[in-house]
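Have a look at the structure below before the remarks.
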Amino acid sequence: MKLLAGNSNRTLAEAVAAHLDLPLTRAQVKRFADNEIFVAIDENVRGEDVFVIQSTSYPANDNLMELLICIDALKRASARRITAVMPYFGYARQDRKTGGRTPISAKLVANLITRAGADRVLTMDLHSGQIQGFFDIPTDNLVSAPLMASDIKAHYQKTEELLIVSPDVGGVVRALAVASRLNAELAIVDKRRSGPGKSEVANIIGDVDGRRLILFDDIVDSAGTLCNAAQSLIDAGAVEVSAYVTHGVLSGAAYERVQNSVLKELVITDSIEATSQVAGASKIRMVSCAALIGEAVRRIANEESVSKLFD
């Protein structure tokens, strides 16, 4: 087995390699003067089981092209099997037609990865489960619920007194996975979208008065929706609100919104490499998913069950 890292999240790739006690494969992933991507594998990979670790986060298009070119280089170098390890799968929110004459970009990206030569995909907390069906190759979708639940237990003494909150109806199953592990109750924020990145709280399903709440979601981008939901929950009588989100996209002034919000803290994983601003934000804390991804990689390489990770 060999591990190849792109440039999107080198820190996470090194942590996964350390967990597996394997060195990263020597390779050059660089740019020409006109910003074209060049990849050269500097060691033999013929007949090897190769895992390419690359999140397609910002800049999404550059990181996606890096992944595709890495896969093509490995294919032409006669690697036996190529697994695209994408801790964060970009374009996942474009998983259906939202109006007339609009694309399903998640399906297009799935096609590109497959046609480039990937034999399987390993990702974490896809925005919607049906994206697994967009791939015509085996796809493992890891869930962060056990990781997040363990962190909550470590930071909250009486987890049964917490109330887990889904920020929208679509995230109920995801939030329920955490609530069931903590033996906690569940509430739902009825959110209405007025446009991309814009939403308003229409209703809160559940009694949040006097409770300590934890919002649980898969992606935080501009953080406007998350901060609005937290404010609505405080206005409804909640004592405090924290948020646990798998993928901290945190684009633009998101970290400032979090810093100035009523949120006690925002906990994210390192599926996306943090900017210096996010890393320095006092209200944002990061937990590592390297052990989870590393164990999944080991199980895939050894032809063992990945789903047993979540039993």
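Going through the structure tokens in order, the chains are called A, B, and so on, while each chain numbers its residues from 1 and the ligands are numbered from 1 in the order shown.
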Requested in this report: Might you pull out every residue within 9 Å of stretch 44-49 of chain A, with only C-alpha atoms counted and same-chain residues fewer than 3 positions away left off, and present them as a PyMOL selection string?
Outcome: chain A and resi 1-3+25+41+74+77-83+301
Report task. Excluding stretch 136-142 of chain A and any residue of its chain fewer than 6 positions from it, enumerate the residues within 10 Å of it, using only C-alpha atoms, and give them as a list in words. Result -> Thr83, Ala84, Val85, Met86, Pro87, Ala110, Asn111, Ile113, Thr114, Arg115, Ala118, Asp119, Arg120, Val121, Leu122, Thr123, Met124, Asp125, Leu126, Gly129, Leu292, Ile293, Ala296, Ile300, Val306, Ser307, Leu309 and Phe310 of chain A
Requested in this report: Report the distance between atom CA of A:Gly6 and atom CA of A:Ala223 in Å, rounded to one decimal place.
Outcome: 27.0 Å
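Between A:Ala13 and the residues A:His247, A:Ser55, A:Cys227, A:Leu147, the shortest atom-to-atom distance, using only C-alpha atoms, involves A:Ser55.
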Query raised in the report: Quick one: of A:Glu43, A:Glu295, A:Asp218, A:Asp72, who's nearest to A:Phe89, counting only C-alpha atoms?
Result: A:Asp218
Query raised in the report: Which of these residues is nearest to A:Tyr244, using only C-alpha atoms: A:Gln231, A:Asn9, A:Ser166, A:Thr275?
Result: A:Ser166
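Atom pair atom CA of A:Gln130 / atom CA of A:Asp95 has a distance of 8.2 Å (rounded to one decimal).
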Report task. Compile the contact shell of A:Val172 as a PyMOL selection string: residues with an atom at most 12 Å away, counting only C-alpha atoms, same-chain residues fewer than 6 positions apart removed. Result -> chain A and resi 128+164-166+178-180+185-190+205+215-218
Query - Nearest to A:Ala15, chosen from A:Ile53, A:Leu163, A:Val239, A:Glu36, with only C-alpha atoms counted in the distances - result: A:Ile53
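Between atom CA of A:Leu64 and atom CA of A:Asp42 lies a distance of 21.2 Å.
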Query - Selection: 8 Å around A:Val278, only C-alpha atoms, excl. self and same-chain fewer than 4 positions, as a PyMOL selection string - result: chain A and resi 250+255+274+284
What would the file look like if the residues just selected were written as a PDB file, in the first residue's frame with N, CA and C atoms?
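Okay, this is what ended up in selection-v1.pdb:
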ATOM      1  N   LEU A 250     -15.821  27.595   5.825  1.00  0.00           N
ATOM      2  CA  LEU A 250     -15.551  28.902   6.427  1.00  0.00           C
ATOM      3  C   LEU A 250     -14.941  29.896   5.433  1.00  0.00           C
ATOM      4  N   TYR A 255     -15.296  33.337   9.757  1.00  0.00           N
ATOM      5  CA  TYR A 255     -14.701  33.250  11.099  1.00  0.00           C
ATOM      6  C   TYR A 255     -15.074  34.475  11.940  1.00  0.00           C
ATOM      7  N   ALA A 274      -7.149  24.318   7.776  1.00  0.00           N
ATOM      8  CA  ALA A 274      -7.584  25.602   8.316  1.00  0.00           C
ATOM      9  C   ALA A 274      -6.670  26.730   7.858  1.00  0.00           C
ATOM     10  N   ILE A 284     -13.228  28.836  17.593  1.00  0.00           N
ATOM     11  CA  ILE A 284     -13.200  27.692  16.683  1.00  0.00           C
ATOM     12  C   ILE A 284     -12.155  26.689  17.150  1.00  0.00           C
TER      13      ILE A 284
END
Skip A:Asn228 itself and residues of its chain fewer than 5 positions away, then list as an mmCIF file with N, CA, C and O atoms, in the first residue's frame all residues within 9 Å of it, counting only C-alpha atoms.
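Contents of the output file selection04.cif:
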data_model
loop_
_atom_site.group_PDB
_atom_site.id
_atom_site.type_symbol
_atom_site.label_atom_id
_atom_site.label_comp_id
_atom_site.auth_asym_id
_atom_site.auth_seq_id
_atom_site.Cartn_x
_atom_site.Cartn_y
_atom_site.Cartn_z
ATOM 1 N N SER A 199 -30.764 32.174 4.461
ATOM 2 C CA SER A 199 -31.840 31.392 5.063
ATOM 3 C C SER A 199 -32.407 32.153 6.250
ATOM 4 O O SER A 199 -31.798 33.087 6.770
ATOM 5 N N GLU A 200 -33.594 31.727 6.674
ATOM 6 C CA GLU A 200 -34.205 32.303 7.865
ATOM 7 C C GLU A 200 -34.916 31.196 8.640
ATOM 8 O O GLU A 200 -35.382 30.212 8.067
ATOM 9 N N VAL A 201 -34.963 31.352 9.944
ATOM 10 C CA VAL A 201 -35.590 30.353 10.810
ATOM 11 C C VAL A 201 -37.088 30.617 10.867
ATOM 12 O O VAL A 201 -37.522 31.706 11.269
ATOM 13 N N ALA A 223 -21.260 30.627 7.338
ATOM 14 C CA ALA A 223 -21.620 30.614 8.766
ATOM 15 C C ALA A 223 -22.818 31.497 9.079
ATOM 16 O O ALA A 223 -23.223 31.579 10.235
ATOM 17 N N LEU A 233 -32.194 30.218 18.625
ATOM 18 C CA LEU A 233 -32.294 29.284 19.748
ATOM 19 C C LEU A 233 -32.102 30.008 21.084
ATOM 20 O O LEU A 233 -32.784 29.707 22.063
ATOM 21 N N SER A 261 -20.736 35.949 17.076
ATOM 22 C CA SER A 261 -22.046 35.333 17.276
ATOM 23 C C SER A 261 -22.257 34.932 18.726
ATOM 24 O O SER A 261 -21.357 35.057 19.573
#
Query - For A:Lys153: contacts at 12 Å, only C-alpha atoms, fewer than 5 positions along chain excluded, given as a ChimeraX atom specification - result: /A:146-148,158-162,178-179,181-184
Query raised in the report: Just asking: which residues within stretch 116-298 of chain A are helix (DSSP H, G or I) according to DSSP, as a ChimeraX atom specification?
Result: /A:116,129-134,145-155,159-161,169-182,224-235,254-259,276-279,290-298
Would you list, as a CSV table (one decimal) with N, CA and C atoms, in the first residue's frame, the residues of stretch 92-181 of chain A that end up in strand (DSSP E or B) under DSSP run on this structure's backbone?
chain,number,residue,atom,x,y,z
A,120,ARG,N,-11.9,3.2,-6.6
A,120,ARG,CA,-12.9,3.4,-5.6
A,120,ARG,C,-12.7,4.8,-4.9
A,121,VAL,N,-13.7,5.2,-4.1
A,121,VAL,CA,-13.6,6.5,-3.5
A,121,VAL,C,-13.9,6.3,-2.0
A,122,LEU,N,-13.1,7.0,-1.2
A,122,LEU,CA,-13.3,7.1,0.3
A,122,LEU,C,-13.5,8.5,0.7
A,123,THR,N,-14.7,8.9,1.3
A,123,THR,CA,-14.9,10.2,1.6
A,123,THR,C,-15.6,10.3,3.0
A,124,MET,N,-16.0,11.4,3.5
A,124,MET,CA,-16.5,11.5,4.8
A,124,MET,C,-17.7,12.5,4.8
A,139,THR,N,-17.9,3.1,-3.3
A,139,THR,CA,-17.7,4.4,-2.5
A,139,THR,C,-18.0,4.2,-1.1
A,140,ASP,N,-17.1,4.5,-0.2
A,140,ASP,CA,-17.3,4.4,1.2
A,140,ASP,C,-17.4,5.8,1.8
A,141,ASN,N,-18.5,6.0,2.5
A,141,ASN,CA,-18.8,7.3,3.1
A,141,ASN,C,-18.7,7.2,4.6
A,142,LEU,N,-17.6,7.7,5.1
A,142,LEU,CA,-17.4,7.6,6.6
A,142,LEU,C,-18.3,8.7,7.3
A,162,LEU,N,-27.9,17.3,27.5
A,162,LEU,CA,-27.7,18.2,26.3
A,162,LEU,C,-28.9,17.9,25.4
A,163,LEU,N,-29.1,18.9,24.5
A,163,LEU,CA,-30.1,18.7,23.5
A,163,LEU,C,-29.4,18.9,22.1
A,164,ILE,N,-29.4,17.9,21.3
A,164,ILE,CA,-28.8,17.9,20.0
A,164,ILE,C,-29.8,18.6,19.0
A,165,VAL,N,-29.3,19.5,18.2
A,165,VAL,CA,-30.2,20.2,17.3
A,165,VAL,C,-29.8,20.1,15.9
A,166,SER,N,-30.7,19.7,15.0
A,166,SER,CA,-30.4,19.7,13.6
A,166,SER,C,-30.8,21.0,13.0
At most 10 Å is the cut-off: for each residue in stretch 117-216 of chain A with any atom that close to an atom of stretch 101-106 of chain A, write down the nearest atom pair and the distance in Å rounded to one decimal, counting only C-alpha atoms, chain first then increasing number, as JSON lines.
{"residue": "A:Ile131", "atom": "CA", "partner": "A:Ala106", "partner_atom": "CA", "distance": 7.2}
{"residue": "A:Phe134", "atom": "CA", "partner": "A:Ala106", "partner_atom": "CA", "distance": 7.7}
{"residue": "A:Phe135", "atom": "CA", "partner": "A:Ala106", "partner_atom": "CA", "distance": 9.7}
With N, CA, C and O atoms kept, could you save the residues just selected as a short mmCIF file (atom, residue, chain, number, x, y, z; two decimals), in the first residue's frame?
data_model
loop_
_atom_site.label_atom_id
_atom_site.label_comp_id
_atom_site.auth_asym_id
_atom_site.auth_seq_id
_atom_site.Cartn_x
_atom_site.Cartn_y
_atom_site.Cartn_z
N ILE A 131 -25.34 10.76 -3.17
CA ILE A 131 -24.16 11.03 -3.98
C ILE A 131 -23.33 9.76 -4.15
O ILE A 131 -22.65 9.59 -5.17
N PHE A 134 -23.95 8.30 -7.35
CA PHE A 134 -23.46 9.00 -8.54
C PHE A 134 -22.21 8.33 -9.10
O PHE A 134 -21.85 8.54 -10.25
N PHE A 135 -21.51 7.57 -8.25
CA PHE A 135 -20.29 6.88 -8.68
C PHE A 135 -20.62 5.49 -9.20
O PHE A 135 -21.47 4.79 -8.62
#
